[in-house]
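**Q** The structure under discussion is supplied below as structure tokens; questions concerning it will follow.
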Amino acid sequence: MTRLARALLLLLAAGVAVVTRSGDPRGQQPASAGARPPAAHRRVVPRRGRGRVLALLLAAAVGIVSAMIVAGGQSPARTLAVTCFLLAGPGLGLAPLIGLRDTLGTLTVAIALSIGLDTIVAGGLLYAGAWSPTTAFAILACITLAGVVGQLILPVEPPA
Amino acid sequence: MSDAPPPILDDARTSDGASDAGATTSSGPAPRRALIVALQTHWPAVLTAAGAALWTGVLLGVSTASVGEAGLVSALPASAFAGLVLACSGLGAALARPQTTARARCGHLLVVIFMLYGAPHVLADVPTFNVAWRHAGVSTFVSQTGSVAPDVNAYFNWPGYFLVSEIAVQLAGLESALGLSRWTPLVFNLLYLPPLLMIARSASDDARLPWLAASVFYLGNWVYQDYPSPQGLTYVLYLCLVAIVLAWLQGRDDRVTTARARAALMAVCFVIVLATVGTHQLTPFAMLAAVAALAVLRRLAFRALPAIVLVLTLAWVVFAAGAYLNGHIDALKDQVGQVGATISSSVGSRVSGSPQHLAVTRQRLATAAGLWLLALLAAIRLMRRGAGRFAPQIALAAVPFSLVLLQAYGGEILLRVYFFSLPFMAVLIASLVPARGGRLAIVGFGIAITVAAASFLVTRYGNLRIELFAPGEVAVVQRAYDLAPDGALLLAPNPQLPWEFARVGAIRQRTLDQVFKERLEPPRDLAGALVALAGDKPTYVLITRNTREYEALFGRSRWGTIAQLERSLAASPRFRLLLRNRDGEIFVLRSGQGSTS
């Protein structure tokens, strides 16, 4: 495992811990508790309920896939988990940030983003002479967790 | 997928004959009454589940040896067809009954997708399809070297799929990409579903149309481009790009998304195109044709998208795929505009072989022509009424034909045209289906879907006999890999064997069809010709069961027959038999350079 991959995996573990402990600061705190109220013209609304639960589940799933990879071995469950992560993970982290409010549309964008980012990250590492599947996974997992953090802390802007 | 309103029980009981459920069961005990009511409401689900269970159970007991020249259907007992009829009847009823929810239709469709695209692969002892083995070899090369070699293999000029595949292999702890190949067609087809539904939804507010269109797509997708391959992966991206544009970037209804969301979706389009240009040669051109057609129709708010696709594609071809371009530029230029030769190579050269294979090929041609004709009729009907929201679908079904102008694509271009136009043809064909939902519609849908599914089994799995490999064939090829030194030459009569999965770049692997460009008339000495071809290279000739089946299906090659080759090698003092098992044999050239050690 390369040094970069190790560093990214450590960052990943820290990210999972932070995300699973953190709440939605703007969604949970009342306005009087010091949270900056959203600008009136943006009509933003905090993300809560199902979306927040799904974000936390995604973070947990990233942690589980990471643990399976680190643990090693070969099993159908590991193959399924890795495949699902590569085909949908990064996209499910980022796509809800667009605020499409359409399950089917969000899923389509998530699939496209996941496959697109997998390919671009893999190609970038290869042509940079730094080919490493572990590093690729760590980068994709960080992207996913960044998306999860974004889902938890960024407000949703409804359609005009 | 929950766009349709939830089912309303009262409506359900009044629309399809289930309204008398309460009356007929009022005298029974409550749990029994509830069960009968549930059955009367959910009988399509019961049919589909029972059909899938029967189909899968029967298929698990089918032997690969029983697959004949007509493919999968020749090995299926009547009980498997009974399962298919049950499941298709369930799906037909779910599509026909207006009260069926989107989730229920989705469930029915997923089960039928599993049956058609997943279950047949449980038959295989080892991964199917020779090209999947070749692709696994390319991924393995990346794993072993951490680089690509564009001069060694054309695939390395567009390595995106192989890199992602190898990442999955390494992270899953598998030995090679072959470990993923069994379920890849099913996974790819599941990934096609969300964008397909969005593409159909963009054309109409009819909640049933997306499911009808998706059913037509899955029953018509016989071209088998969803095996582990770059085109299988980039097809997902192609569908997603078109779906995103049709849903949010047509510039017709700005209330659908915010400006920020539209900007983000444009960025997603950029990511899709960037990933595609480094993964597959043809798909970027299909994307370019699609977005250009939408721009011409003024249905593209992201006006720079065609230019972005064109620039990124050309940049990749010139800078990253230069090695391929340098070696093939003349051949590529010569094919541009040669429509007659392209169609001849795509159709004429394929209509040959054994009577069973001819029957399969003709059914494929009839299916493709039938769907194109139905789509044309639907397009004419829609245009007479003012195409409206169907206009993009009509254009997108037509523009893939422009690819025929580019090149023959190894005689496969019409297959690819069909593949790229199928989602939009499916939407057009679905628009022909009347909106009525009575008993007649339920029966009609069930019969139509069952007939289409049975036809699908013939068209998609018609070549299954030569695509199923025996473990003994793999053992023959593996033995050759174990023995052959670097620089060796491996020869086979035709490409139908599980090879090229290892030693990519280290040894040359060629078919006799590739090395003998001219017709060799018997009784020419084939062994002598191979000795002359080999020079001083250690040379191995591999003959396996499926190379013989390939010859039986497609007829003799221009250089002769496998029987002639075997006789010639056995009689030659320069060759000796190195290995023979029930599924294959290896002859080795006695060159004294270590090849016989």
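Every chain in the structure tokens has a letter given in the order shown (A, B, ...), and although residue numbers restart at 1 in each chain, ligands are simply numbered from 1 in the order shown.
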Can you list, as a PyMOL selection string, all residues belonging to region 367-486 of chain B that DSSP tags as alpha helix (DSSP H)?

**A** chain B and resi 367-384+391-398+413-430+439-460+464-467+471-483

**Q** Counting only C-alpha atoms, give me one row per residue of chain A with an atom at most 8 Å from an atom of chain B, showing the shortest contact pair and its distance in Å to one decimal, sorted by chain then residue number, as JSON lines.

**A**
```
{"residue": "A:Ile69", "atom": "CA", "partner": "B:Leu171", "partner_atom": "CA", "distance": 6.1}
{"residue": "A:Gly72", "atom": "CA", "partner": "B:Gly173", "partner_atom": "CA", "distance": 6.8}
{"residue": "A:Gly73", "atom": "CA", "partner": "B:Gly173", "partner_atom": "CA", "distance": 6.3}
{"residue": "A:Gln74", "atom": "CA", "partner": "B:Gly173", "partner_atom": "CA", "distance": 5.3}
{"residue": "A:Ser75", "atom": "CA", "partner": "B:Ala172", "partner_atom": "CA", "distance": 7.9}
{"residue": "A:Arg78", "atom": "CA", "partner": "B:Ala172", "partner_atom": "CA", "distance": 5.7}
{"residue": "A:Thr79", "atom": "CA", "partner": "B:Ala172", "partner_atom": "CA", "distance": 4.8}
{"residue": "A:Val82", "atom": "CA", "partner": "B:Ala172", "partner_atom": "CA", "distance": 6.1}
{"residue": "A:Thr83", "atom": "CA", "partner": "B:Ala168", "partner_atom": "CA", "distance": 6.5}
{"residue": "A:Leu86", "atom": "CA", "partner": "B:Ala168", "partner_atom": "CA", "distance": 7.5}
{"residue": "A:Ile98", "atom": "CA", "partner": "B:Ala261", "partner_atom": "CA", "distance": 5.1}
{"residue": "A:Gly99", "atom": "CA", "partner": "B:Ala261", "partner_atom": "CA", "distance": 6.7}
{"residue": "A:Leu100", "atom": "CA", "partner": "B:Thr257", "partner_atom": "CA", "distance": 6.8}
{"residue": "A:Thr103", "atom": "CA", "partner": "B:Met1", "partner_atom": "CA", "distance": 6.3}
{"residue": "A:Leu104", "atom": "CA", "partner": "B:Met1", "partner_atom": "CA", "distance": 5.2}
{"residue": "A:Gly105", "atom": "CA", "partner": "B:Met198", "partner_atom": "CA", "distance": 7.1}
{"residue": "A:Leu107", "atom": "CA", "partner": "B:Pro194", "partner_atom": "CA", "distance": 6.9}
{"residue": "A:Thr108", "atom": "CA", "partner": "B:Pro194", "partner_atom": "CA", "distance": 5.6}
{"residue": "A:Val109", "atom": "CA", "partner": "B:Cys240", "partner_atom": "CA", "distance": 7.0}
{"residue": "A:Ile111", "atom": "CA", "partner": "B:Leu191", "partner_atom": "CA", "distance": 7.5}
{"residue": "A:Ala112", "atom": "CA", "partner": "B:Leu237", "partner_atom": "CA", "distance": 5.8}
{"residue": "A:Leu113", "atom": "CA", "partner": "B:Val268", "partner_atom": "CA", "distance": 6.5}
{"residue": "A:Ile115", "atom": "CA", "partner": "B:Leu237", "partner_atom": "CA", "distance": 7.7}
{"residue": "A:Gly116", "atom": "CA", "partner": "B:Ala275", "partner_atom": "CA", "distance": 5.0}
{"residue": "A:Leu117", "atom": "CA", "partner": "B:Val271", "partner_atom": "CA", "distance": 7.2}
{"residue": "A:Asp118", "atom": "CA", "partner": "B:Val164", "partner_atom": "CA", "distance": 6.3}
{"residue": "A:Thr119", "atom": "CA", "partner": "B:Gly160", "partner_atom": "CA", "distance": 5.5}
{"residue": "A:Ile120", "atom": "CA", "partner": "B:Ala275", "partner_atom": "CA", "distance": 5.8}
{"residue": "A:Ala122", "atom": "CA", "partner": "B:Leu163", "partner_atom": "CA", "distance": 6.0}
{"residue": "A:Gly123", "atom": "CA", "partner": "B:Gly160", "partner_atom": "CA", "distance": 6.4}
{"residue": "A:Leu126", "atom": "CA", "partner": "B:Ser147", "partner_atom": "CA", "distance": 6.3}
{"residue": "A:Tyr127", "atom": "CA", "partner": "B:Ser147", "partner_atom": "CA", "distance": 7.8}
{"residue": "A:Gly129", "atom": "CA", "partner": "B:Ser147", "partner_atom": "CA", "distance": 7.5}
{"residue": "A:Ala130", "atom": "CA", "partner": "B:Gly146", "partner_atom": "CA", "distance": 8.0}
{"residue": "A:Trp131", "atom": "CA", "partner": "B:Gly146", "partner_atom": "CA", "distance": 5.5}
{"residue": "A:Ser132", "atom": "CA", "partner": "B:Gly146", "partner_atom": "CA", "distance": 7.7}
{"residue": "A:Pro133", "atom": "CA", "partner": "B:Ile167", "partner_atom": "CA", "distance": 4.8}
{"residue": "A:Thr134", "atom": "CA", "partner": "B:Leu171", "partner_atom": "CA", "distance": 7.1}
{"residue": "A:Ala136", "atom": "CA", "partner": "B:Ile167", "partner_atom": "CA", "distance": 7.6}
{"residue": "A:Phe137", "atom": "CA", "partner": "B:Ile167", "partner_atom": "CA", "distance": 7.8}
{"residue": "A:Glu157", "atom": "CA", "partner": "B:Thr258", "partner_atom": "CA", "distance": 7.8}
{"residue": "A:Pro158", "atom": "CA", "partner": "B:Thr258", "partner_atom": "CA", "distance": 7.4}
{"residue": "A:Pro159", "atom": "CA", "partner": "B:Thr258", "partner_atom": "CA", "distance": 5.1}
{"residue": "A:Ala160", "atom": "CA", "partner": "B:Thr258", "partner_atom": "CA", "distance": 5.9}
```

**Q** Can you spit out the residues from that selection as a compact mmCIF listing (two decimals), in the first residue's frame, using N, CA and C atoms?

**A**
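Final file, again09.txt:
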```
# COMPACT_ATOMS: atom_id res chain seq x y z
N ILE A 69 -12.20 -4.20 2.89
CA ILE A 69 -10.99 -4.18 2.06
C ILE A 69 -9.75 -4.37 2.94
N GLY A 72 -9.25 -7.94 4.16
CA GLY A 72 -8.76 -8.89 3.15
C GLY A 72 -9.69 -10.06 2.98
N GLY A 73 -9.19 -11.10 2.31
CA GLY A 73 -10.02 -12.27 2.04
C GLY A 73 -10.87 -12.07 0.81
N GLN A 74 -11.57 -13.14 0.45
CA GLN A 74 -12.38 -13.10 -0.76
C GLN A 74 -13.75 -13.67 -0.43
N SER A 75 -14.79 -12.91 -0.71
CA SER A 75 -16.14 -13.39 -0.43
C SER A 75 -17.12 -12.70 -1.36
N ARG A 78 -18.00 -9.22 -0.09
CA ARG A 78 -17.01 -8.18 -0.36
C ARG A 78 -17.09 -7.73 -1.82
N THR A 79 -17.24 -8.71 -2.73
CA THR A 79 -17.35 -8.36 -4.14
C THR A 79 -18.58 -7.48 -4.38
N VAL A 82 -18.02 -3.91 -2.82
CA VAL A 82 -17.10 -3.10 -3.62
C VAL A 82 -17.77 -2.64 -4.92
N THR A 83 -18.47 -3.59 -5.58
CA THR A 83 -19.12 -3.25 -6.84
C THR A 83 -20.17 -2.16 -6.62
N LEU A 86 -18.46 1.22 -6.05
CA LEU A 86 -17.90 1.83 -7.26
C LEU A 86 -18.99 2.33 -8.21
N ILE A 98 -27.19 18.48 -5.50
CA ILE A 98 -27.76 19.27 -6.61
C ILE A 98 -29.18 19.71 -6.28
N GLY A 99 -29.85 18.97 -5.41
CA GLY A 99 -31.20 19.36 -5.00
C GLY A 99 -32.24 19.13 -6.06
N LEU A 100 -32.22 17.94 -6.69
CA LEU A 100 -33.15 17.68 -7.79
C LEU A 100 -34.55 17.33 -7.29
N THR A 103 -36.28 11.22 -6.97
CA THR A 103 -35.50 10.03 -6.62
C THR A 103 -34.86 9.39 -7.85
N LEU A 104 -35.67 9.22 -8.90
CA LEU A 104 -35.16 8.58 -10.10
C LEU A 104 -34.05 9.43 -10.74
N GLY A 105 -34.27 10.74 -10.78
CA GLY A 105 -33.26 11.63 -11.37
C GLY A 105 -31.98 11.62 -10.55
N LEU A 107 -30.89 9.24 -8.67
CA LEU A 107 -30.23 7.94 -8.86
C LEU A 107 -29.49 7.91 -10.20
N THR A 108 -30.11 8.45 -11.24
CA THR A 108 -29.45 8.48 -12.55
C THR A 108 -28.17 9.32 -12.50
N VAL A 109 -28.27 10.49 -11.89
CA VAL A 109 -27.08 11.34 -11.78
C VAL A 109 -26.02 10.65 -10.92
N ILE A 111 -25.46 7.42 -10.55
CA ILE A 111 -24.79 6.36 -11.32
C ILE A 111 -23.79 6.98 -12.29
N ALA A 112 -24.23 8.03 -12.99
CA ALA A 112 -23.35 8.67 -13.98
C ALA A 112 -22.11 9.24 -13.31
N LEU A 113 -22.32 9.93 -12.17
CA LEU A 113 -21.17 10.53 -11.48
C LEU A 113 -20.22 9.46 -10.94
N ILE A 115 -19.66 6.29 -12.02
CA ILE A 115 -18.86 5.66 -13.08
C ILE A 115 -17.89 6.67 -13.68
N GLY A 116 -18.37 7.90 -13.87
CA GLY A 116 -17.49 8.94 -14.43
C GLY A 116 -16.30 9.20 -13.53
N LEU A 117 -16.55 9.37 -12.23
CA LEU A 117 -15.45 9.67 -11.31
C LEU A 117 -14.51 8.47 -11.16
N ASP A 118 -15.07 7.26 -11.12
CA ASP A 118 -14.21 6.06 -11.07
C ASP A 118 -13.22 6.09 -12.23
N THR A 119 -13.76 6.33 -13.42
CA THR A 119 -12.92 6.29 -14.62
C THR A 119 -11.88 7.41 -14.62
N ILE A 120 -12.32 8.60 -14.24
CA ILE A 120 -11.39 9.74 -14.26
C ILE A 120 -10.30 9.58 -13.20
N ALA A 122 -9.23 6.74 -11.89
CA ALA A 122 -8.35 5.64 -12.29
C ALA A 122 -7.41 6.08 -13.41
N GLY A 123 -7.95 6.78 -14.40
CA GLY A 123 -7.12 7.26 -15.51
C GLY A 123 -6.09 8.26 -15.04
N LEU A 126 -3.29 6.42 -13.34
CA LEU A 126 -2.47 5.65 -14.29
C LEU A 126 -1.54 6.57 -15.07
N TYR A 127 -2.10 7.63 -15.66
CA TYR A 127 -1.27 8.49 -16.50
C TYR A 127 -0.31 9.35 -15.68
N GLY A 129 1.38 7.99 -13.39
CA GLY A 129 2.40 7.02 -12.95
C GLY A 129 2.24 6.62 -11.51
N ALA A 130 1.02 6.78 -10.98
CA ALA A 130 0.80 6.45 -9.56
C ALA A 130 -0.31 5.42 -9.43
N TRP A 131 -0.36 4.46 -10.34
CA TRP A 131 -1.45 3.48 -10.34
C TRP A 131 -1.50 2.70 -9.05
N SER A 132 -2.65 2.76 -8.39
CA SER A 132 -2.85 2.01 -7.15
C SER A 132 -4.35 1.92 -6.91
N PRO A 133 -4.93 0.73 -6.99
CA PRO A 133 -6.36 0.59 -6.72
C PRO A 133 -6.74 1.08 -5.32
N THR A 134 -5.86 0.88 -4.35
CA THR A 134 -6.17 1.33 -2.98
C THR A 134 -6.26 2.85 -2.92
N ALA A 136 -6.97 4.77 -5.43
CA ALA A 136 -8.19 5.15 -6.15
C ALA A 136 -9.40 5.02 -5.23
N PHE A 137 -9.45 3.91 -4.48
CA PHE A 137 -10.58 3.74 -3.56
C PHE A 137 -10.59 4.84 -2.51
N GLU A 157 -31.60 24.28 -1.62
CA GLU A 157 -32.25 25.40 -2.28
C GLU A 157 -33.39 24.85 -3.15
N PRO A 158 -34.61 25.17 -2.82
CA PRO A 158 -35.71 24.60 -3.60
C PRO A 158 -35.80 25.22 -4.98
N PRO A 159 -36.48 24.55 -5.93
CA PRO A 159 -36.64 25.12 -7.27
C PRO A 159 -37.33 26.46 -7.19
N ALA A 160 -36.98 27.34 -8.14
CA ALA A 160 -37.58 28.67 -8.15
C ALA A 160 -39.08 28.58 -8.43
```

**Q** Could you write out, as number ranges by chain, all the residues of region 341-578 of chain B that DSSP marks as strand (DSSP E or B)?

**A** B: 489-492, 504, 507-511, 539-544, 557, 560, 575-578

**Q** What separation in Å, quoted to one decimal, exists between CA of Leu542 (chain B) and CA of Leu178 (chain B)?

**A**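 CA of Leu178 (chain B) lies 21.0 Å from CA of Leu542 (chain B).
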